[in-house]
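Asks: Have a look at the structure that comes next, please.
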Amino acid sequence: MADAEGSDPSPPLPRGPRWLPWLLFPLLVLPFHPLWVDFEQVRRGLLMVLAGAGLLLIPRLPPVRGQRVAVVFVLGLAACGALQWLTQRWFAAPGQPLSLEPWLMTYRLLDWCAALVVVRLGAAVAPATSLAPLSTVLLLTSAFGLVQRFGLGEIGGYGVEREPVSTLGNLNVASEWTAVAAMAAAALGADATTARRRGLAAAAIGLAAAYLVVDGSRSGMIALPLGLVLLLLVRWRKRGAAAVQPAAVVALVPALMGAMLGLVAATGAAKPTPTDALAATRELQRSTATLEVRWEIARGATRLFADSPVFGQGPGQFQVQYPRVRSEREIELSSFGRRFSTEARTAHDDWLELLVDGGLPALALFAAMLFALQRGTRDKTRLLPLFVLLLLMLVRAPLGNAPAVAAAFWLVGVPAEAKALAGWRRAVGIATRIVLGAAMLALGVLPIAGNLAFVPYVRAQREAAPPPIEAARAATWWMPYEPRWLEAEARRALTAGDLPAAARAAARACSLRPFSPQYLVLLGEVLAKGGKYGEALQVAKEGLRRDPQNPELHVLEATSYTALGDVDRAIAALVVEPHPVLRAQLANVFADLATLADQKGHETDARRLIAEHTFAALCRTLGSSEEALLEQTGPLLSQLRNQLAAAGRAEEDLRPFVVGGLYALDLDKPDLARSFAAQAAKGRAKLLPWQRAMLDQRLLDRLGAIAEWRALLAR
């Protein structure tokens with residue numbers, strides 16, 4: 001197969017079926033289910049299925065210029081993954097898990113293969129043939145998104161006014177597809193030979209621009225205008241000023257008019273306030289400091305690249321490796337102060353993630369592939385959808401957005417002269433095509449089936465019904481590499497009391513994401529529920545080594561210590577510099593631990609833990625101006641004294657006196673506060689650092705203003 005890299009026109013080649021783009025783009029972009037968990041995962045599977053079917057059913061796909069370099073790029077990525085696997089096998093430190101996930105590597109490589117098949121499919125049909133299907137699908141998705149913005153397209157909580165995601169399931173993903181597809185419509189529509197085709201392209205671009213404004217994702221709103229301006233510049237340079245007017249009429253003017261329409265739609269209808277917990281969580285996620293989050297993720301990705309700059313971490317391994325370099329700041333921002341669990345599955349910068357995948361060689365080979373493809377294309381306007389995609393790659397992860405990838409790569413390919421192969425070379429070529437096509441077809445089905453199988457689980461959650469564990473198991477059967485299904489299965493099994501099944505699912509999830517605290521928490525909870533507190537403690541320590549502020553891991557550590565009879569360490573695990581989320585839960589956590597200690601026969605420990613429960617409750621009432629809270633302080637103070645006495649710690653604990661003094665000040669009785677100081681002075685007890693932290697320095701300063709207390713607090 002020749003790889004003609006020049007710009008001379010290729011010889012006439014048989015054209016593929018005109019219906020090909022009509023089949024690919026509607027099937028790839030339009031189908032959706034409101035209860036899919038991962039829309040992008042499903043659509044990558046769809047693209048893989050369509051590309052595999054194309055290889056198998058259209059055996060005479062023409063080769064394209066630059067194809068050999070593209071193949072070398074994919075093989076280079078595969079070699080980087082193989083080298084990383086060998087390195088982990090032979091040179092891993094003791095206790096270091098073999099973390100390279102072969103499923104993810106395989107899918108990442110097949111995603112690239114599918115993109116290259118799209119290049120060949122696009123080269124098999126005349127470029128003008130693709131204008132109508134691309135514009136039609138773009139019209140439908142943009143119109144659906146606008147309808148959603150006005151509250152007319154909601155389906156079971158999907159596509160609500162505040163989140164007009166069209167058929168794509170995510171605002172950023174929808175914006176990426178819209179920007180790239182609109183650029184493709186502009187590149188093709190500028191050369192359309194009939195008024196009907198030009199009108200279709202103009203309508204699609206106008207609605208796309210309106211939707212981009214309504215969508216609100218900044219990346220698409222920036223990338224498309226830059227692409228349109230470049231379209232005018234390229235046509236002016238290559239064809240003269242006369243070629244600019246058709247492009248302006250078909251693309252630029254409709255885009256400006258559409259943007260104004262979108263601005264009216266975005267400002268004319270107020271976004272409603274979220275009314276359910278899931279919607280509120282999404283609203284919180286969008287309100288976080290996005291740029292700072294991206295910066296923190298980029299810093300982590302840079303560390304991963306620095307760990308292995310020569311051949312990277314392996315294709316698709318970012319989501320496996322990132323938790324071990326994830327910063328506390330990023331966790332706090334992404335989870336809005338740890339209100340919910342989050343994970344970063346992409347680097348939100350595909351250029352940087354490419355370095356993580358395969359190091360400097362991968363980036364160099366990718367650049368070589370782009371150069372080879374553009375060099376083989378005479379009409380440079382056909383490269384502009386790819387240019388928009390490359391711009392989006394700077395701030396997003398559009399390489400995981402199958403519709404955007406298909407729209408970007410569809411126009412890039414130019415047929416090259418094919419040399420007739422004979423003998424073993426022909427046999428190898430046929431075998432490669434069949435094996436690759438069958439692999440993409442078979443593996444592409446898995447994420448589609450897995451997400452569909454999990455739909456009953458999501459539906460039950462939305463209806464506040466017990467989710468069926470069978471749905472999680474079915475999804476896991478289809479996608480054994482997806483830890484989210486395993487987590488759901490483990491939690492349902494844990495609720496049902498099936499500890500062996502929960503342990504198997506949790507252990508499998510941890511093996512898939514060995515550095516993720518989220519799955520370590522799951523495994524630790526299952527082990528603790530099964531009475532394996534020593535193992536649960538080791539899991540908690542490993543998790544805290546990676547995420548020192550994780551509240552759930554601190555509770556797991558304290559639970560394990562309590563069950564093992566080490567109450568001092570159990571208390572220290574909770575009270576030494578606790579995260580605000582954990583601090584707010586301390587009263588309830590100590591009550592649960594006291595119950596556990598009592599069940600284990602540790603009566604003295606139980607008394608001490610119930611005293612800590614009472615102290616945590618007191619920390620919420622002291623200094624409050626609310627009458628109801630003030631009334632609770634007196635009874636709680638009496639309980640604290642009695643509980644510490646029952647635990648044998650009355651003489652070595654200063655807190656009853658400190659709390660009494662603060663309570664007296666709340667009652668505006670400074671003489672009573674001094675009497676508490678006089679009683680405390682008879683002993684040698686002192687306030688521990690963590691006790692000071694829980695009481696709040698503002699309260700202690702107030703007490704320290706009394707001379708009798710100043711020396712006691714200085715102990």
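Chain labels A, B, ... are given in the sequence in which chains occur in the structure tokens; within each chain residues are numbered consecutively from 1, and ligands are likewise numbered from 1 in the order shown.
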Near Arg674 of chain A, counting only C-alpha atoms, which residues have an atom at most 9 Å away, once you skip same-chain residues fewer than 4 positions from it, shown as a list in words?
Replies: Gly661, Pro670, Ala678, Gln679, Ile706, Ala707, Glu708 and Trp709 of chain A
Asks: Pull the closest atom pair for each residue of segment 366-421 of chain A that gets at most 12 Å from segment 288-308 of chain A, along with the distance in Å to one decimal, counting only C-alpha atoms, ordering rows by chain and then ascending residue number, as a tab-separated table.
Replies:
residue	atom	partner	partner_atom	distance
A:Leu394	CA	A:Ala298	CA	10.8
A:Val395	CA	A:Arg294	CA	8.0
A:Arg396	CA	A:Arg294	CA	9.2
A:Ala397	CA	A:Arg294	CA	11.5
Asks: Would you save the residues from that selection as an mmCIF file, in the first residue's frame, using C-alpha atoms?
Replies:
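Wrote it out as again_37.cif, contents follow:
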data_model
loop_
_atom_site.group_PDB
_atom_site.id
_atom_site.type_symbol
_atom_site.label_atom_id
_atom_site.label_comp_id
_atom_site.auth_asym_id
_atom_site.auth_seq_id
_atom_site.Cartn_x
_atom_site.Cartn_y
_atom_site.Cartn_z
ATOM 1 C CA LEU A 394 -6.237 21.945 25.151
ATOM 2 C CA VAL A 395 -8.960 22.292 27.776
ATOM 3 C CA ARG A 396 -11.156 19.225 27.426
ATOM 4 C CA ALA A 397 -11.035 15.540 26.521
#
Asks: Restricting the calculation to only C-alpha atoms, which member of A:Leu443, A:Tyr533, A:Trp85, A:Pro635 is positioned closest to Trp478 of chain A?
Replies: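 Checking each candidate against Trp478 of chain A, we get A:Leu443 as the closest.
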Asks: From the set A:Leu392, A:Ala406, A:Leu35, A:Ala201, which residue has the shortest atom-to-atom contact distance to Ala114 of chain A, counting only C-alpha atoms?
Replies: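 Under the stated criterion, the closest residue is A:Ala406.
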Asks: Got a sec to tell me which of segment 572-710 of chain A DSSP assigns to helix (DSSP H, G or I), as a PyMOL selection string?
Replies: chain A and resi 572-575+580-599+603-621+627-646+655-666+670-681+689-695+697-704+707-710
Asks: Show me, as a list in words, the residues that have an atom within 9 Å of Leu231 of chain A when counting only C-alpha atoms, minus same-chain residues fewer than 3 positions from it.
Replies: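 Residues meeting the cut-off are Met183, Ala186, Ala187, Leu226, Gly227, Leu228, Val234, Arg235, Trp236, Val244, Ala247, Lys380, Thr381 and Leu384 of chain A.
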Asks: Okay, now the selection with N, CA and C atoms, as a compact mmCIF listing (two decimals), in the first residue's frame?
Replies:
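Dumped to part.txt:
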# COMPACT_ATOMS: atom_id res chain seq x y z
N MET A 183 -18.34 23.20 12.34
CA MET A 183 -17.18 23.53 11.51
C MET A 183 -17.16 22.68 10.24
N ALA A 186 -19.69 24.05 7.91
CA ALA A 186 -19.21 25.29 7.29
C ALA A 186 -18.22 25.00 6.18
N ALA A 187 -17.29 24.07 6.42
CA ALA A 187 -16.28 23.74 5.41
C ALA A 187 -16.93 23.16 4.16
N LEU A 226 -13.10 30.67 16.19
CA LEU A 226 -11.73 30.65 15.68
C LEU A 226 -11.66 29.82 14.39
N GLY A 227 -12.37 28.70 14.37
CA GLY A 227 -12.39 27.88 13.16
C GLY A 227 -13.03 28.60 11.98
N LEU A 228 -14.11 29.32 12.24
CA LEU A 228 -14.79 30.05 11.16
C LEU A 228 -13.91 31.17 10.60
N VAL A 234 -8.25 30.93 5.08
CA VAL A 234 -7.73 29.89 4.17
C VAL A 234 -8.31 30.07 2.78
N ARG A 235 -9.61 30.33 2.69
CA ARG A 235 -10.22 30.51 1.36
C ARG A 235 -9.68 31.77 0.67
N TRP A 236 -9.47 32.81 1.46
CA TRP A 236 -8.93 34.04 0.86
C TRP A 236 -7.51 33.81 0.34
N VAL A 244 -14.26 34.28 -0.34
CA VAL A 244 -14.61 34.57 1.06
C VAL A 244 -16.11 34.77 1.21
N ALA A 247 -18.40 31.66 1.92
CA ALA A 247 -18.18 31.14 3.27
C ALA A 247 -18.81 32.06 4.31
N LYS A 380 -7.39 22.46 2.24
CA LYS A 380 -7.08 22.59 3.67
C LYS A 380 -8.32 22.93 4.51
N THR A 381 -9.40 23.40 3.86
CA THR A 381 -10.60 23.68 4.65
C THR A 381 -11.19 22.40 5.23
N LEU A 384 -10.30 21.79 8.91
CA LEU A 384 -10.73 22.71 9.96
C LEU A 384 -11.54 22.05 11.07
Asks: Could you pull the residues within 8 Å of segment 248-261 of chain A, counting only C-alpha atoms, minus those fewer than 2 positions along the same chain, as a ChimeraX atom specification?
Replies: /A:186,189-190,198-199,201-203,205-213,228,232,244-246,263-265
Asks: Name the residues in contact with Asn170 of chain A at a cut-off of 12 Å, using only C-alpha atoms, excluding same-chain residues fewer than 5 positions from it; report them as a list in words.
Replies: Phe32, Pro34, Trp36, Val37, Asp38, Phe39, Glu40, Gly145, Tyr158, Gly159, Val160, Arg162, Glu163, Pro164, Val165, Ser175, Glu176, Trp177, Asp215, Gly216, Ser217, Arg282, Arg286 and Asn401 of chain A
Asks: Would you pick out the contacts of segment 489-506 of chain A at 6 Å or less, using only C-alpha atoms, so that residues sharing its chain but fewer than 6 positions from it are not included, and give the list as a PDB file with N, CA and C atoms, in the first residue's frame?
Replies:
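Saved as selection02.pdb:
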ATOM      1  N   ILE A 469     -29.744  -6.001  42.706  1.00  0.00           N
ATOM      2  CA  ILE A 469     -28.340  -6.394  42.582  1.00  0.00           C
ATOM      3  C   ILE A 469     -28.089  -7.117  41.263  1.00  0.00           C
ATOM      4  N   ALA A 472     -26.659  -4.791  38.654  1.00  0.00           N
ATOM      5  CA  ALA A 472     -25.226  -4.542  38.812  1.00  0.00           C
ATOM      6  C   ALA A 472     -24.418  -5.746  38.343  1.00  0.00           C
ATOM      7  N   LEU A 523     -13.812  -1.590  50.312  1.00  0.00           N
ATOM      8  CA  LEU A 523     -13.235  -2.856  50.759  1.00  0.00           C
ATOM      9  C   LEU A 523     -13.112  -2.887  52.275  1.00  0.00           C
ATOM     10  N   VAL A 526     -16.456  -3.551  53.954  1.00  0.00           N
ATOM     11  CA  VAL A 526     -16.856  -4.957  53.834  1.00  0.00           C
ATOM     12  C   VAL A 526     -16.067  -5.821  54.815  1.00  0.00           C
TER      13      VAL A 526
END
Asks: So that I can see what lies close to Asn550 of chain A, please list as a list in words the residues with an atom at most 9 Å from it, counting only C-alpha atoms and leaving out residues fewer than 3 positions away in the same chain.
Replies: Arg338, Pro517, Gly543, Leu544, Asp547, Leu553, His554, Val555, His579 and Leu582 of chain A
Asks: Go ahead and write the selection's residues with C-alpha atoms as a compact mmCIF listing (two decimals), in the first residue's frame.
Replies:
# COMPACT_ATOMS: atom_id res chain seq x y z
CA ARG A 338 -16.04 16.46 50.20
CA PRO A 517 -9.37 5.67 48.16
CA GLY A 543 -6.02 4.73 51.93
CA LEU A 544 -4.98 7.47 54.35
CA ASP A 547 -5.71 10.67 50.95
CA LEU A 553 -11.16 6.34 55.96
CA HIS A 554 -10.67 8.02 59.34
CA VAL A 555 -13.98 6.56 60.53
CA HIS A 579 -11.85 17.42 58.17
CA LEU A 582 -15.90 14.57 59.81
Asks: Just the number, please: distance in Å from atom CA of Asp568 of chain A to atom CA of Gly601 of chain A, one decimal.
Replies: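 Pair atom CA of Asp568 of chain A / atom CA of Gly601 of chain A returns 16.4 Å.
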Asks: Here is a test: counting only C-alpha atoms, which residue of A:Gln67, A:Thr267, A:Gln313, A:Thr129 is nearest to Leu100 of chain A?
Replies: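 Of A:Gln67, A:Thr267, A:Gln313, A:Thr129, the one nearest Leu100 of chain A is A:Gln313, counting only C-alpha atoms.
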Asks: Between A:Trp485, A:Tyr663, A:Trp477, A:Phe311, single out the one closest to Ala82 of chain A, counting only C-alpha atoms.
Replies: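 Of all the options, A:Phe311 lies closest to Ala82 of chain A.
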Asks: So which one's closest to Leu47 of chain A, A:Val435, A:Leu363, A:Ala611, A:Ala442? Using only C-alpha atoms, please.
Replies: A:Ala442
Asks: Work out how far apart atom CA of Leu383 of chain A and atom CA of Val414 of chain A are and give it in Å to one decimal.
Replies: 11.1 Å
